[in-house]
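Listing of structure00.pdb; format and content: PDB, C-alpha atoms, pLDDT in the B column.
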ATOM      1  CA  MET A   1     -57.369 -19.650  31.106  1.00 29.00           C
ATOM      2  CA  VAL A   2     -59.090 -16.660  32.697  1.00 38.00           C
ATOM      3  CA  ILE A   3     -62.184 -15.448  30.860  1.00 36.00           C
ATOM      4  CA  THR A   4     -64.924 -12.941  31.629  1.00 40.00           C
ATOM      5  CA  GLN A   5     -68.115 -14.762  32.505  1.00 42.00           C
ATOM      6  CA  THR A   6     -70.971 -12.503  31.396  1.00 43.00           C
ATOM      7  CA  ASN A   7     -73.859 -14.886  32.058  1.00 48.00           C
ATOM      8  CA  PRO A   8     -73.307 -16.991  35.187  1.00 50.00           C
ATOM      9  CA  PRO A   9     -75.861 -19.812  34.954  1.00 48.00           C
ATOM     10  CA  ASN A  10     -77.363 -19.499  38.429  1.00 49.00           C
ATOM     11  CA  LEU A  11     -78.350 -15.809  38.248  1.00 48.00           C
ATOM     12  CA  PRO A  12     -82.024 -15.213  37.378  1.00 46.00           C
ATOM     13  CA  ASP A  13     -81.204 -12.464  34.842  1.00 52.00           C
ATOM     14  CA  ALA A  14     -78.600 -14.144  32.652  1.00 51.00           C
ATOM     15  CA  THR A  15     -78.418 -11.119  30.322  1.00 54.00           C
ATOM     16  CA  LYS A  16     -76.597  -9.002  32.913  1.00 63.00           C
ATOM     17  CA  THR A  17     -72.962  -8.142  32.295  1.00 75.00           C
ATOM     18  CA  ARG A  18     -72.253  -6.243  35.536  1.00 88.00           C
ATOM     19  CA  PHE A  19     -73.056  -7.388  39.054  1.00 92.00           C
ATOM     20  CA  THR A  20     -73.054  -6.006  42.566  1.00 92.00           C
ATOM     21  CA  PRO A  21     -70.735  -7.559  45.148  1.00 89.00           C
ATOM     22  CA  ASP A  22     -73.717  -9.221  46.823  1.00 89.00           C
ATOM     23  CA  GLU A  23     -74.908 -10.702  43.525  1.00 90.00           C
ATOM     24  CA  TYR A  24     -71.402 -12.023  42.909  1.00 90.00           C
ATOM     25  CA  ARG A  25     -71.226 -13.596  46.372  1.00 90.00           C
ATOM     26  CA  ALA A  26     -74.596 -15.285  45.874  1.00 91.00           C
ATOM     27  CA  ILE A  27     -73.368 -16.732  42.588  1.00 90.00           C
ATOM     28  CA  GLU A  28     -70.099 -17.891  44.109  1.00 87.00           C
ATOM     29  CA  GLU A  29     -71.783 -19.729  46.979  1.00 88.00           C
ATOM     30  CA  THR A  30     -73.418 -22.195  44.566  1.00 85.00           C
ATOM     31  CA  ALA A  31     -71.118 -22.070  41.533  1.00 86.00           C
ATOM     32  CA  GLU A  32     -69.373 -25.247  40.391  1.00 79.00           C
ATOM     33  CA  GLU A  33     -66.275 -23.272  39.389  1.00 82.00           C
ATOM     34  CA  ARG A  34     -64.585 -20.343  41.092  1.00 85.00           C
ATOM     35  CA  HIS A  35     -64.850 -16.755  39.960  1.00 87.00           C
ATOM     36  CA  GLU A  36     -63.022 -13.583  40.857  1.00 86.00           C
ATOM     37  CA  TYR A  37     -64.814 -10.261  41.020  1.00 90.00           C
ATOM     38  CA  CYS A  38     -63.572  -6.903  39.787  1.00 87.00           C
ATOM     39  CA  ASN A  39     -65.699  -3.768  39.993  1.00 84.00           C
ATOM     40  CA  GLY A  40     -68.841  -5.364  38.601  1.00 86.00           C
ATOM     41  CA  GLU A  41     -67.297  -8.024  36.372  1.00 89.00           C
ATOM     42  CA  ILE A  42     -67.301 -11.729  37.222  1.00 87.00           C
ATOM     43  CA  ILE A  43     -64.237 -13.560  35.939  1.00 84.00           C
ATOM     44  CA  ALA A  44     -64.099 -17.345  35.671  1.00 84.00           C
ATOM     45  CA  MET A  45     -60.930 -18.998  36.963  1.00 80.00           C
ATOM     46  CA  SER A  46     -59.240 -21.848  35.168  1.00 70.00           C
ATOM     47  CA  GLY A  47     -58.528 -25.174  36.811  1.00 68.00           C
ATOM     48  CA  GLY A  48     -54.990 -25.798  37.988  1.00 76.00           C
ATOM     49  CA  SER A  49     -52.510 -28.403  36.773  1.00 89.00           C
ATOM     50  CA  GLU A  50     -51.143 -31.307  38.794  1.00 93.00           C
ATOM     51  CA  VAL A  51     -47.793 -29.522  39.120  1.00 95.00           C
ATOM     52  CA  HIS A  52     -49.497 -26.296  40.216  1.00 94.00           C
ATOM     53  CA  SER A  53     -51.431 -28.165  42.895  1.00 95.00           C
ATOM     54  CA  ALA A  54     -48.372 -30.098  44.103  1.00 96.00           C
ATOM     55  CA  ILE A  55     -46.279 -26.940  44.497  1.00 97.00           C
ATOM     56  CA  ALA A  56     -49.090 -25.178  46.363  1.00 97.00           C
ATOM     57  CA  CYS A  57     -49.386 -28.202  48.680  1.00 97.00           C
ATOM     58  CA  ASN A  58     -45.622 -28.254  49.291  1.00 98.00           C
ATOM     59  CA  LEU A  59     -45.770 -24.613  50.322  1.00 98.00           C
ATOM     60  CA  LEU A  60     -48.816 -25.149  52.527  1.00 97.00           C
ATOM     61  CA  ILE A  61     -47.253 -28.126  54.323  1.00 97.00           C
ATOM     62  CA  TYR A  62     -43.851 -26.553  54.892  1.00 97.00           C
ATOM     63  CA  LEU A  63     -45.040 -23.078  55.887  1.00 98.00           C
ATOM     64  CA  GLY A  64     -47.843 -24.534  57.975  1.00 97.00           C
ATOM     65  CA  PHE A  65     -45.301 -26.503  59.988  1.00 96.00           C
ATOM     66  CA  LEU A  66     -43.027 -23.495  60.522  1.00 96.00           C
ATOM     67  CA  LEU A  67     -45.851 -21.144  61.472  1.00 97.00           C
ATOM     68  CA  ARG A  68     -47.879 -23.509  63.669  1.00 95.00           C
ATOM     69  CA  ASP A  69     -46.746 -21.967  66.988  1.00 95.00           C
ATOM     70  CA  THR A  70     -46.542 -18.340  65.846  1.00 96.00           C
ATOM     71  CA  ALA A  71     -48.982 -15.454  65.708  1.00 96.00           C
ATOM     72  CA  ASN A  72     -49.246 -15.895  61.939  1.00 97.00           C
ATOM     73  CA  ARG A  73     -52.082 -17.765  60.250  1.00 97.00           C
ATOM     74  CA  LEU A  74     -51.814 -19.518  56.910  1.00 97.00           C
ATOM     75  CA  TYR A  75     -54.747 -19.956  54.529  1.00 97.00           C
ATOM     76  CA  ASN A  76     -55.164 -21.723  51.196  1.00 95.00           C
ATOM     77  CA  SER A  77     -57.199 -20.606  48.198  1.00 92.00           C
ATOM     78  CA  ASP A  78     -60.559 -21.323  49.842  1.00 91.00           C
ATOM     79  CA  LEU A  79     -60.668 -17.728  51.127  1.00 93.00           C
ATOM     80  CA  ARG A  80     -60.945 -14.634  48.964  1.00 95.00           C
ATOM     81  CA  VAL A  81     -58.827 -11.566  49.445  1.00 97.00           C
ATOM     82  CA  TRP A  82     -61.209  -8.598  49.293  1.00 96.00           C
ATOM     83  CA  ILE A  83     -59.655  -5.357  48.008  1.00 97.00           C
ATOM     84  CA  PRO A  84     -61.992  -2.485  48.942  1.00 96.00           C
ATOM     85  CA  GLU A  85     -60.263   0.253  46.939  1.00 95.00           C
ATOM     86  CA  HIS A  86     -60.811  -1.676  43.712  1.00 94.00           C
ATOM     87  CA  ARG A  87     -64.074  -3.431  44.665  1.00 93.00           C
ATOM     88  CA  CYS A  88     -62.291  -6.644  43.858  1.00 94.00           C
ATOM     89  CA  GLY A  89     -62.330 -10.198  45.264  1.00 95.00           C
ATOM     90  CA  THR A  90     -59.481 -12.520  44.303  1.00 95.00           C
ATOM     91  CA  TYR A  91     -58.254 -15.981  45.191  1.00 94.00           C
ATOM     92  CA  ALA A  92     -54.545 -16.367  45.973  1.00 96.00           C
ATOM     93  CA  ASP A  93     -52.831 -19.741  46.227  1.00 95.00           C
ATOM     94  CA  LEU A  94     -51.662 -18.960  49.787  1.00 97.00           C
ATOM     95  CA  ILE A  95     -52.023 -16.035  52.161  1.00 98.00           C
ATOM     96  CA  VAL A  96     -50.530 -15.388  55.578  1.00 98.00           C
ATOM     97  CA  VAL A  97     -52.152 -13.078  58.099  1.00 98.00           C
ATOM     98  CA  ASN A  98     -50.410 -11.727  61.171  1.00 97.00           C
ATOM     99  CA  GLY A  99     -52.595 -12.197  64.246  1.00 96.00           C
ATOM    100  CA  GLU A 100     -56.341 -12.369  63.866  1.00 95.00           C
ATOM    101  CA  PRO A 101     -57.801 -12.259  60.367  1.00 96.00           C
ATOM    102  CA  GLU A 102     -59.715  -9.106  59.538  1.00 97.00           C
ATOM    103  CA  LEU A 103     -62.877 -10.234  57.795  1.00 97.00           C
ATOM    104  CA  ASN A 104     -64.971  -8.166  55.430  1.00 95.00           C
ATOM    105  CA  GLY A 105     -67.993  -7.172  57.497  1.00 94.00           C
ATOM    106  CA  ASP A 106     -70.042 -10.242  58.376  1.00 93.00           C
ATOM    107  CA  ARG A 107     -68.384 -12.344  55.684  1.00 93.00           C
ATOM    108  CA  THR A 108     -66.468 -15.409  56.840  1.00 94.00           C
ATOM    109  CA  ASP A 109     -64.866 -16.053  53.443  1.00 93.00           C
ATOM    110  CA  GLU A 110     -63.177 -12.702  52.679  1.00 96.00           C
ATOM    111  CA  ILE A 111     -59.883 -11.543  54.206  1.00 97.00           C
ATOM    112  CA  LEU A 112     -58.852  -7.880  54.307  1.00 98.00           C
ATOM    113  CA  ASN A 113     -55.402  -8.041  55.939  1.00 98.00           C
ATOM    114  CA  PRO A 114     -52.972 -10.370  54.164  1.00 98.00           C
ATOM    115  CA  LEU A 115     -49.333  -9.952  55.134  1.00 98.00           C
ATOM    116  CA  LEU A 116     -47.799 -12.353  52.598  1.00 98.00           C
ATOM    117  CA  ILE A 117     -49.409 -13.541  49.359  1.00 98.00           C
ATOM    118  CA  VAL A 118     -48.125 -16.428  47.237  1.00 98.00           C
ATOM    119  CA  GLU A 119     -49.176 -17.063  43.649  1.00 97.00           C
ATOM    120  CA  VAL A 120     -48.106 -20.177  41.732  1.00 96.00           C
ATOM    121  CA  LEU A 121     -47.871 -18.944  38.163  1.00 95.00           C
ATOM    122  CA  SER A 122     -49.803 -20.427  35.255  1.00 90.00           C
ATOM    123  CA  PRO A 123     -49.227 -19.517  31.596  1.00 88.00           C
ATOM    124  CA  SER A 124     -52.710 -18.020  31.269  1.00 84.00           C
ATOM    125  CA  THR A 125     -52.567 -15.908  34.451  1.00 85.00           C
ATOM    126  CA  GLU A 126     -48.896 -14.958  34.796  1.00 91.00           C
ATOM    127  CA  GLY A 127     -49.310 -11.509  33.249  1.00 91.00           C
ATOM    128  CA  TYR A 128     -52.289 -10.729  35.497  1.00 90.00           C
ATOM    129  CA  ASP A 129     -50.483 -11.961  38.643  1.00 93.00           C
ATOM    130  CA  ARG A 130     -47.433  -9.823  37.853  1.00 94.00           C
ATOM    131  CA  GLY A 131     -49.323  -6.738  36.797  1.00 94.00           C
ATOM    132  CA  GLU A 132     -52.885  -5.755  37.594  1.00 93.00           C
ATOM    133  CA  LYS A 133     -53.377  -8.203  40.447  1.00 94.00           C
ATOM    134  CA  PHE A 134     -50.149  -7.119  42.175  1.00 96.00           C
ATOM    135  CA  ARG A 135     -51.139  -3.464  41.746  1.00 95.00           C
ATOM    136  CA  LYS A 136     -54.482  -4.132  43.405  1.00 96.00           C
ATOM    137  CA  TYR A 137     -52.914  -6.116  46.241  1.00 97.00           C
ATOM    138  CA  ARG A 138     -50.611  -3.152  46.962  1.00 96.00           C
ATOM    139  CA  SER A 139     -53.620  -1.034  47.946  1.00 96.00           C
ATOM    140  CA  LEU A 140     -53.948  -3.220  51.085  1.00 96.00           C
ATOM    141  CA  ALA A 141     -51.975  -1.579  53.909  1.00 95.00           C
ATOM    142  CA  SER A 142     -51.110  -4.898  55.574  1.00 96.00           C
ATOM    143  CA  PHE A 143     -49.628  -6.457  52.432  1.00 97.00           C
ATOM    144  CA  CYS A 144     -45.824  -6.317  52.340  1.00 97.00           C
ATOM    145  CA  GLU A 145     -44.487  -9.490  50.695  1.00 98.00           C
ATOM    146  CA  TYR A 146     -45.321 -11.255  47.437  1.00 98.00           C
ATOM    147  CA  LEU A 147     -43.990 -14.497  45.996  1.00 98.00           C
ATOM    148  CA  LEU A 148     -44.445 -15.500  42.364  1.00 98.00           C
ATOM    149  CA  VAL A 149     -43.605 -19.188  42.026  1.00 98.00           C
ATOM    150  CA  SER A 150     -42.923 -20.774  38.644  1.00 97.00           C
ATOM    151  CA  GLN A 151     -44.321 -24.225  37.983  1.00 95.00           C
ATOM    152  CA  ALA A 152     -42.150 -24.694  34.879  1.00 95.00           C
ATOM    153  CA  GLU A 153     -38.738 -24.511  36.568  1.00 96.00           C
ATOM    154  CA  PRO A 154     -37.170 -23.809  39.984  1.00 97.00           C
ATOM    155  CA  TYR A 155     -37.704 -20.051  39.928  1.00 98.00           C
ATOM    156  CA  ILE A 156     -39.268 -17.724  42.491  1.00 98.00           C
ATOM    157  CA  GLU A 157     -39.553 -13.955  42.371  1.00 98.00           C
ATOM    158  CA  GLN A 158     -39.892 -12.136  45.681  1.00 98.00           C
ATOM    159  CA  TYR A 159     -41.167  -8.613  46.276  1.00 98.00           C
ATOM    160  CA  TYR A 160     -40.843  -7.095  49.729  1.00 98.00           C
ATOM    161  CA  ASN A 161     -41.597  -3.709  51.269  1.00 96.00           C
ATOM    162  CA  GLY A 162     -40.959  -3.536  54.999  1.00 91.00           C
ATOM    163  CA  ASP A 163     -41.906   0.157  55.191  1.00 92.00           C
ATOM    164  CA  ARG A 164     -45.507  -0.204  54.135  1.00 86.00           C
ATOM    165  CA  PRO A 165     -47.762   1.677  54.060  1.00 82.00           C
ATOM    166  CA  SER A 166     -45.515   4.770  54.314  1.00 84.00           C
ATOM    167  CA  SER A 167     -43.324   3.789  51.342  1.00 87.00           C
ATOM    168  CA  GLU A 168     -44.015   2.307  47.921  1.00 87.00           C
ATOM    169  CA  ARG A 169     -40.422   1.231  47.317  1.00 93.00           C
ATOM    170  CA  TRP A 170     -40.453  -2.525  46.827  1.00 96.00           C
ATOM    171  CA  GLN A 171     -37.326  -4.695  46.837  1.00 96.00           C
ATOM    172  CA  TRP A 172     -37.141  -7.427  44.205  1.00 97.00           C
ATOM    173  CA  GLN A 173     -35.030 -10.543  44.067  1.00 96.00           C
ATOM    174  CA  VAL A 174     -34.948 -13.894  42.313  1.00 98.00           C
ATOM    175  CA  CYS A 175     -34.040 -17.373  43.520  1.00 97.00           C
ATOM    176  CA  ASP A 176     -33.452 -19.992  40.835  1.00 97.00           C
ATOM    177  CA  ARG A 177     -31.332 -22.703  42.460  1.00 96.00           C
ATOM    178  CA  LEU A 178     -32.623 -25.709  44.352  1.00 97.00           C
ATOM    179  CA  ASP A 179     -29.748 -25.513  46.848  1.00 97.00           C
ATOM    180  CA  ARG A 180     -30.730 -22.005  47.940  1.00 97.00           C
ATOM    181  CA  ALA A 181     -33.381 -20.640  50.281  1.00 97.00           C
ATOM    182  CA  ILE A 182     -35.492 -17.494  50.287  1.00 97.00           C
ATOM    183  CA  VAL A 183     -35.700 -15.406  53.447  1.00 97.00           C
ATOM    184  CA  LEU A 184     -39.329 -14.445  54.010  1.00 98.00           C
ATOM    185  CA  HIS A 185     -38.769 -11.119  55.704  1.00 97.00           C
ATOM    186  CA  SER A 186     -42.368 -10.642  56.819  1.00 97.00           C
ATOM    187  CA  LEU A 187     -42.273 -13.972  58.680  1.00 97.00           C
ATOM    188  CA  ASN A 188     -38.574 -14.052  59.660  1.00 96.00           C
ATOM    189  CA  ILE A 189     -38.129 -17.584  58.310  1.00 97.00           C
ATOM    190  CA  GLU A 190     -36.265 -19.291  55.479  1.00 97.00           C
ATOM    191  CA  LEU A 191     -38.046 -21.134  52.693  1.00 98.00           C
ATOM    192  CA  PRO A 192     -35.757 -23.695  50.982  1.00 98.00           C
ATOM    193  CA  MET A 193     -36.284 -24.034  47.255  1.00 98.00           C
ATOM    194  CA  SER A 194     -35.926 -27.794  47.676  1.00 97.00           C
ATOM    195  CA  GLU A 195     -39.065 -27.814  49.841  1.00 98.00           C
ATOM    196  CA  VAL A 196     -41.077 -25.745  47.369  1.00 98.00           C
ATOM    197  CA  TYR A 197     -40.131 -28.071  44.535  1.00 98.00           C
ATOM    198  CA  ARG A 198     -40.053 -31.325  46.492  1.00 97.00           C
ATOM    199  CA  ARG A 199     -40.658 -34.330  44.189  1.00 95.00           C
ATOM    200  CA  MET A 200     -40.782 -32.101  41.106  1.00 93.00           C
ATOM    201  CA  ASN A 201     -38.964 -33.317  37.981  1.00 89.00           C
ATOM    202  CA  PHE A 202     -37.776 -30.645  35.572  1.00 80.00           C
TER     203      PHE A 202
END

Please lay out the structure from this file as structure tokens.
Amino acid sequence: MVITQTNPPNLPDATKTRFTPDEYRAIEETAEERHEYCNGEIIAMSGGSEVHSAIACNLLIYLGFLLRDTANRLYNSDLRVWIPEHRCGTYADLIVVNGEPELNGDRTDEILNPLLIVEVLSPSTEGYDRGEKFRKYRSLASFCEYLLVSQAEPYIEQYYNGDRPSSERWQWQVCDRLDRAIVLHSLNIELPMSEVYRRMNF
């Protein structure tokens, strides 16, 4: 469940309801749970399920192997994606960067140039991942491919726009069979559904 955290426990003034980016980062460095940041608000993130974690690991292992000798770099949810236009810091399940990561100023934990973003959907965050979060991600010029991965069934939605940032026309497709594969256009590789859902029982 995602909730607005209006009084993070490690901030001296616990009555505050809006925070600067630097205040948020100071909180996040010592917080026991993760928070996202959106234009002054600090939002607590829920813990993931075993299935959520297993799917994210399957993706990390398989894509990490395929991308190991390429110019692309794969990162897990330890790094935030910083979205300057919306003054927003979010955690994605996986991000891929082409070439060197562009960091936010002197930060070593905030990426500005994701190419591909993957979110493993949870019931409490699915609407946010599909809607507001995707809209914010689209303000990043480097971002051109988005995967929404169900943890309830073999089902992945793919959004791709190879003409970014000049065009806002995104292509959408669905893959819902374990014997099929998704072509990741931004990486020029295939992602078999059987690898995403390896050892999953539905």

- Message: Starting from the PyMOL selection byres ((chain A and resi 111) around 9), expand the selection into actual residues of this file and give them as a PyMOL selection string.
- Response: chain A and resi 79-83+97+101-104+107-110+112-114

- Message: Starting from the PyMOL selection byres ((chain A and resi 195-200) around 9), expand the selection into actual residues of this file and give them as a ChimeraX atom specification.
- Response: /A:51,54-59,62,149,151,153-154,178,191-194,201-202

- Can you pull out every residue within 9 Å of Arg18 of chain A, counting all atoms listed in the file, but drop anything in the same chain fewer than 6 positions away, and send it as a PyMOL selection string? chain A and resi 6+39-42

- Excluding same-chain residues fewer than 3 positions from Ser167 of chain A, what lies within 12 Å of it counting all atoms listed in the file, as a PyMOL selection string? chain A and resi 138-139+141+144+160-164+170-171

- Query: Which value, in Å to one decimal, gives the distance between atom CA of Tyr137 of chain A and atom CA of Ile27 of chain A?
  - Reply: 23.3 Å

- Item | Coordinates-based distance that separates atom CA of Arg25 of chain A from atom CA of Tyr146 of chain A (Å, one decimal) | 26.0 Å

- Got a sec: who's within 8 Å of Tyr75 of chain A, counting all atoms listed in the file, leaving out chain neighbours fewer than 6 positions off, as a PyMOL selection string? chain A and resi 94-96

- Task: Give the answer as one residue: which of A:Glu126, A:Glu145, A:Glu29, A:Asp22 has the shortest atom-to-atom distance to Asp78 of chain A, using all atoms listed in the file?
- Result: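 Comparing A:Glu126, A:Glu145, A:Glu29, A:Asp22 against Asp78 of chain A, the winner is A:Glu29.
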
- Task: List, as a ChimeraX atom specification, every residue that the PyMOL selection byres ((chain A and resi 85) around 9) selects in the file provided.
- Result: /A:83-84,86-88,136,139-140

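Nearest residue to Glu119 of chain A, choosing from A:Leu147, A:Gly99, A:Asn76, A:Ala31 and counting all atoms listed in the file: A:Leu147.
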
- Have a look at atom CA of Leu60 of chain A and atom CA of Tyr24 of chain A and let me know their distance in Å, one decimal.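 Going from atom CA of Leu60 of chain A over to atom CA of Tyr24 of chain A covers 27.8 Å.
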
- Task: Can you work out which one of A:Asp93, A:Glu32, A:Glu100, A:Glu50 has the shortest atom-to-atom distance to Thr70 of chain A, counting all atoms listed in the file?
- Result: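 Of A:Asp93, A:Glu32, A:Glu100, A:Glu50, the one nearest Thr70 of chain A is A:Glu100, counting all atoms listed in the file.
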
- Message: Which residues are near Leu67 of chain A? Cut-off 10 Å, all atoms listed in the file, ignore same chain within fewer than 5 positions. Put them as a ChimeraX atom specification.
- Response: /A:62,72-74,96,187,189

- Identify which of the residues A:Pro21, A:Gly64, A:Pro165, A:Gly89 lies closest to Arg34 of chain A, counting all atoms listed in the file when measuring atom-to-atom distances.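 Checking each candidate against Arg34 of chain A, we get A:Gly89 as the closest.
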
Using only C-alpha atoms, which residues sit within 8 Å of Ile156 of chain A once same-chain residues fewer than 5 positions away are excluded, as a PDB file with C-alpha atoms, keeping the file's coordinate frame?
ATOM      1  CA  LEU A 147     -43.990 -14.497  45.996  1.00 98.00           C
ATOM      2  CA  LEU A 148     -44.445 -15.500  42.364  1.00 98.00           C
ATOM      3  CA  VAL A 149     -43.605 -19.188  42.026  1.00 98.00           C
ATOM      4  CA  SER A 150     -42.923 -20.774  38.644  1.00 97.00           C
ATOM      5  CA  VAL A 174     -34.948 -13.894  42.313  1.00 98.00           C
ATOM      6  CA  CYS A 175     -34.040 -17.373  43.520  1.00 97.00           C
ATOM      7  CA  ASP A 176     -33.452 -19.992  40.835  1.00 97.00           C
TER       8      ASP A 176
END

- Message: My list of candidates is A:Gln158, A:Arg68, A:Leu184, A:Ser49. Which is closest to Ser124 of chain A when distances are computed with all atoms listed in the file?
- Response: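 Checking each of A:Gln158, A:Arg68, A:Leu184, A:Ser49 against Ser124 of chain A, counting all atoms listed in the file, the winner is A:Ser49.
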
- Query: Which residue, A:Thr125, A:Ser186, A:Asp106, A:Glu157, has the smallest gap to Ser46 of chain A when you use all atoms listed in the file?
  - Reply: A:Thr125
